[in-house]
Amino acid sequence: MNPYALTIAVPRGALLADTLDLLGDLGLDTAEVRSNDRKLLFEDAGIVTMRPSDVPTYVESGAADIGITGKDVLAEQAGRRVYELLDLGYGRCVMVLATQAGPDPSAEALRRLGVMRVATKYPRIAAHYMEDTGRQAEIVEVKGSVELAPLTGMVDAIVDLTATGTTLRENNLVVREEIVVCTARLIANPVAHKLKAAEIDAIVSQLRAVPAAGTR
């Protein structure tokens with residue numbers, strides 16, 4: 001059951017459990033979502049599940065009235081016609097610039113060549129950060145394990161998300177710079193935000209009132 005009569009885009013993956021806990025606090029019945037990891041559309045609950053990177057697409061198009069995704073996704077897809085309504089506080093990760101341990105190979109590349117090579121799943125974020133910090137960089141977009149790129153000598157550095165730093169350490173990589181802290185955010189379709197203002201405002205008010213994930 002969905003007491004708000006809204007369609008909500010919910011991210012699968014790392015944010016799913018905390019998101020379902022939050023929606024449960026709001027009175028939504030999330031039992032079917034929790035028990036069925038193959039089904040994507042849960043009409044009775046008003047929930048549609050998808051990859052976090054697809055949430056802004058569905059919300060922008062109006063296929064979902066509101067959605068939850070990470071700030072990293074919103075920053076990488078800057079320009080999407082969605083409203084960012086609320087920082088939900090959970091799913092905390094940090095976007096970092098990392099290199100192999102030891103002398104900084106990215107600094108050495110800049111000194112010798114005037115340009116560094118950076119591998120990332122977030123080319124927009126990486127390019128903007130390099131530009132903002134006055135460094136010339138060749139951005140190499142990768143889809144899989146970005147940690148492999150510096151180990152093979154393909155790049156001097158990576159820009160990636162880290163929660164605990166464990167994967168970086170296991171691959172002999174160290175954080176050189178922190179770029180931005182990313183948490184889960186509530187977004188809304190602009191048209192729905194007008195036509196269903198009362199329902200969306202009610203959710204925002206309720207979310208402001210409930211404890212952040214991990215403190216409940």
# chains A, B, ... in the order shown; residues from 1 in each chain; ligands from 1

$ select_by_dssp --residues "chain A" --states "helix (DSSP H, G or I)" --output "MDAnalysis selection string"
chainID A and resid 16:25 31:35 52:61 71:76 105:113 123:132 148:151 166:170 190:195 197:209

$ residues_around --residues "Cys182 in chain A" --least-positions-apart "5" --cutoff "9 Å" --atoms "only C-alpha atoms" --output "ChimeraX atom specification"
/A:70-72,89,91-95,161

$ residues_around --residues "Val73 in chain A" --least-positions-apart "4" --cutoff "12 Å" --atoms "only C-alpha atoms" --output "list in words"
Pro11, Arg51, Pro52, Ser53, Asp54, Val55, Pro56, Thr57, Ile68, Thr69, Gln77, Ala78, Gly79, Arg80, Glu84, Cys93, Met95, Lys121, Tyr122, Pro123, Arg124, Ile125, Leu161, Cys182, Thr183, Ala184, Arg185, Leu186 and Ile187 of chain A

$ atom_distance --atom1 "CA of Asn189 in chain A" --atom2 "CA of Val82 in chain A"
5.2 Å

$ atom_distance --atom1 "CA of His128 in chain A" --atom2 "CA of Val159 in chain A"
11.5 Å

$ residues_around --residues "Ala137 in chain A" --least-positions-apart "2" --cutoff "7 Å" --atoms "only C-alpha atoms" --output "list of chain:residue names"
A:Val115, A:Met116, A:Arg117, A:Val118, A:Met130, A:Arg135, A:Ile139

$ atom_distance --atom1 "CA of Gly153 in chain A" --atom2 "CA of Glu178 in chain A"
22.3 Å

$ closest_residue --among "A:Leu88, A:Gln100, A:Pro105, A:Leu28" --to "Glu170 in chain A" --atoms "only C-alpha atoms"
A:Gln100

$ select_by_dssp --residues "range 45-200 of chain A" --states "strand (DSSP E)" --output "ChimeraX atom specification"
/A:47-50,66-70,83-87,93-100,116-120,137-141,157-162,173-182,184-188

$ write_last_selection --atoms "C-alpha atoms" --output "PDB file, in the first residue's frame"
ATOM      1  CA  ILE A  47       7.514   1.443  -6.209  1.00  0.00           C
ATOM      2  CA  VAL A  48       9.644   0.799  -9.276  1.00  0.00           C
ATOM      3  CA  THR A  49      13.188  -0.451  -8.731  1.00  0.00           C
ATOM      4  CA  MET A  50      16.177   0.168 -11.014  1.00  0.00           C
ATOM      5  CA  ILE A  66       9.862  11.103  -7.121  1.00  0.00           C
ATOM      6  CA  GLY A  67      12.992   9.031  -6.705  1.00  0.00           C
ATOM      7  CA  ILE A  68      15.989   8.334  -4.529  1.00  0.00           C
ATOM      8  CA  THR A  69      19.558   8.123  -5.824  1.00  0.00           C
ATOM      9  CA  GLY A  70      23.080   9.112  -4.876  1.00  0.00           C
ATOM     10  CA  TYR A  83      14.336  18.909  -8.496  1.00  0.00           C
ATOM     11  CA  GLU A  84      16.673  17.835  -5.700  1.00  0.00           C
ATOM     12  CA  LEU A  85      14.501  18.095  -2.604  1.00  0.00           C
ATOM     13  CA  LEU A  86      16.351  16.577   0.313  1.00  0.00           C
ATOM     14  CA  ASP A  87      19.654  15.135   1.501  1.00  0.00           C
ATOM     15  CA  CYS A  93      30.591   7.751   0.141  1.00  0.00           C
ATOM     16  CA  VAL A  94      33.394  10.076  -0.881  1.00  0.00           C
ATOM     17  CA  MET A  95      34.453  10.821  -4.441  1.00  0.00           C
ATOM     18  CA  VAL A  96      38.243  10.755  -4.406  1.00  0.00           C
ATOM     19  CA  LEU A  97      41.313  11.143  -6.562  1.00  0.00           C
ATOM     20  CA  ALA A  98      43.536   8.132  -5.918  1.00  0.00           C
ATOM     21  CA  THR A  99      46.843   6.822  -7.245  1.00  0.00           C
ATOM     22  CA  GLN A 100      49.260   4.021  -6.548  1.00  0.00           C
ATOM     23  CA  MET A 116      47.776  13.491 -16.376  1.00  0.00           C
ATOM     24  CA  ARG A 117      45.650  10.514 -17.407  1.00  0.00           C
ATOM     25  CA  VAL A 118      42.666   9.755 -15.181  1.00  0.00           C
ATOM     26  CA  ALA A 119      40.395   6.697 -15.352  1.00  0.00           C
ATOM     27  CA  THR A 120      36.876   6.960 -13.979  1.00  0.00           C
ATOM     28  CA  ALA A 137      43.887  15.819 -17.710  1.00  0.00           C
ATOM     29  CA  GLU A 138      42.963  13.192 -20.257  1.00  0.00           C
ATOM     30  CA  ILE A 139      39.868  11.438 -18.948  1.00  0.00           C
ATOM     31  CA  VAL A 140      39.532   7.737 -19.718  1.00  0.00           C
ATOM     32  CA  GLU A 141      36.030   6.381 -19.097  1.00  0.00           C
ATOM     33  CA  ALA A 157      45.212   8.288 -11.280  1.00  0.00           C
ATOM     34  CA  ILE A 158      41.563   7.382 -10.820  1.00  0.00           C
ATOM     35  CA  VAL A 159      38.484   9.274  -9.707  1.00  0.00           C
ATOM     36  CA  ASP A 160      36.049   6.969  -7.945  1.00  0.00           C
ATOM     37  CA  LEU A 161      33.676   6.546  -5.023  1.00  0.00           C
ATOM     38  CA  THR A 162      34.856   4.942  -1.818  1.00  0.00           C
ATOM     39  CA  LEU A 173      46.049   2.638  -4.027  1.00  0.00           C
ATOM     40  CA  VAL A 174      45.913   5.668  -1.758  1.00  0.00           C
ATOM     41  CA  VAL A 175      43.594   8.666  -1.623  1.00  0.00           C
ATOM     42  CA  ARG A 176      45.371  11.842  -2.689  1.00  0.00           C
ATOM     43  CA  GLU A 177      42.391  14.212  -2.651  1.00  0.00           C
ATOM     44  CA  GLU A 178      38.735  14.169  -1.561  1.00  0.00           C
ATOM     45  CA  ILE A 179      36.444  15.724  -4.155  1.00  0.00           C
ATOM     46  CA  VAL A 180      32.916  15.575  -2.743  1.00  0.00           C
ATOM     47  CA  VAL A 181      30.874  13.691  -0.150  1.00  0.00           C
ATOM     48  CA  CYS A 182      27.937  11.837  -1.692  1.00  0.00           C
ATOM     49  CA  ALA A 184      21.311   9.580  -0.970  1.00  0.00           C
ATOM     50  CA  ARG A 185      19.059  12.367  -2.245  1.00  0.00           C
ATOM     51  CA  LEU A 186      15.317  12.698  -2.833  1.00  0.00           C
ATOM     52  CA  ILE A 187      14.441  14.083  -6.269  1.00  0.00           C
ATOM     53  CA  ALA A 188      11.161  14.993  -7.948  1.00  0.00           C
TER      54      ALA A 188
END

$ closest_residue --among "A:Ser35, A:Thr19, A:Thr30, A:Thr167" --to "Leu207 in chain A" --atoms "only C-alpha atoms"
A:Thr19
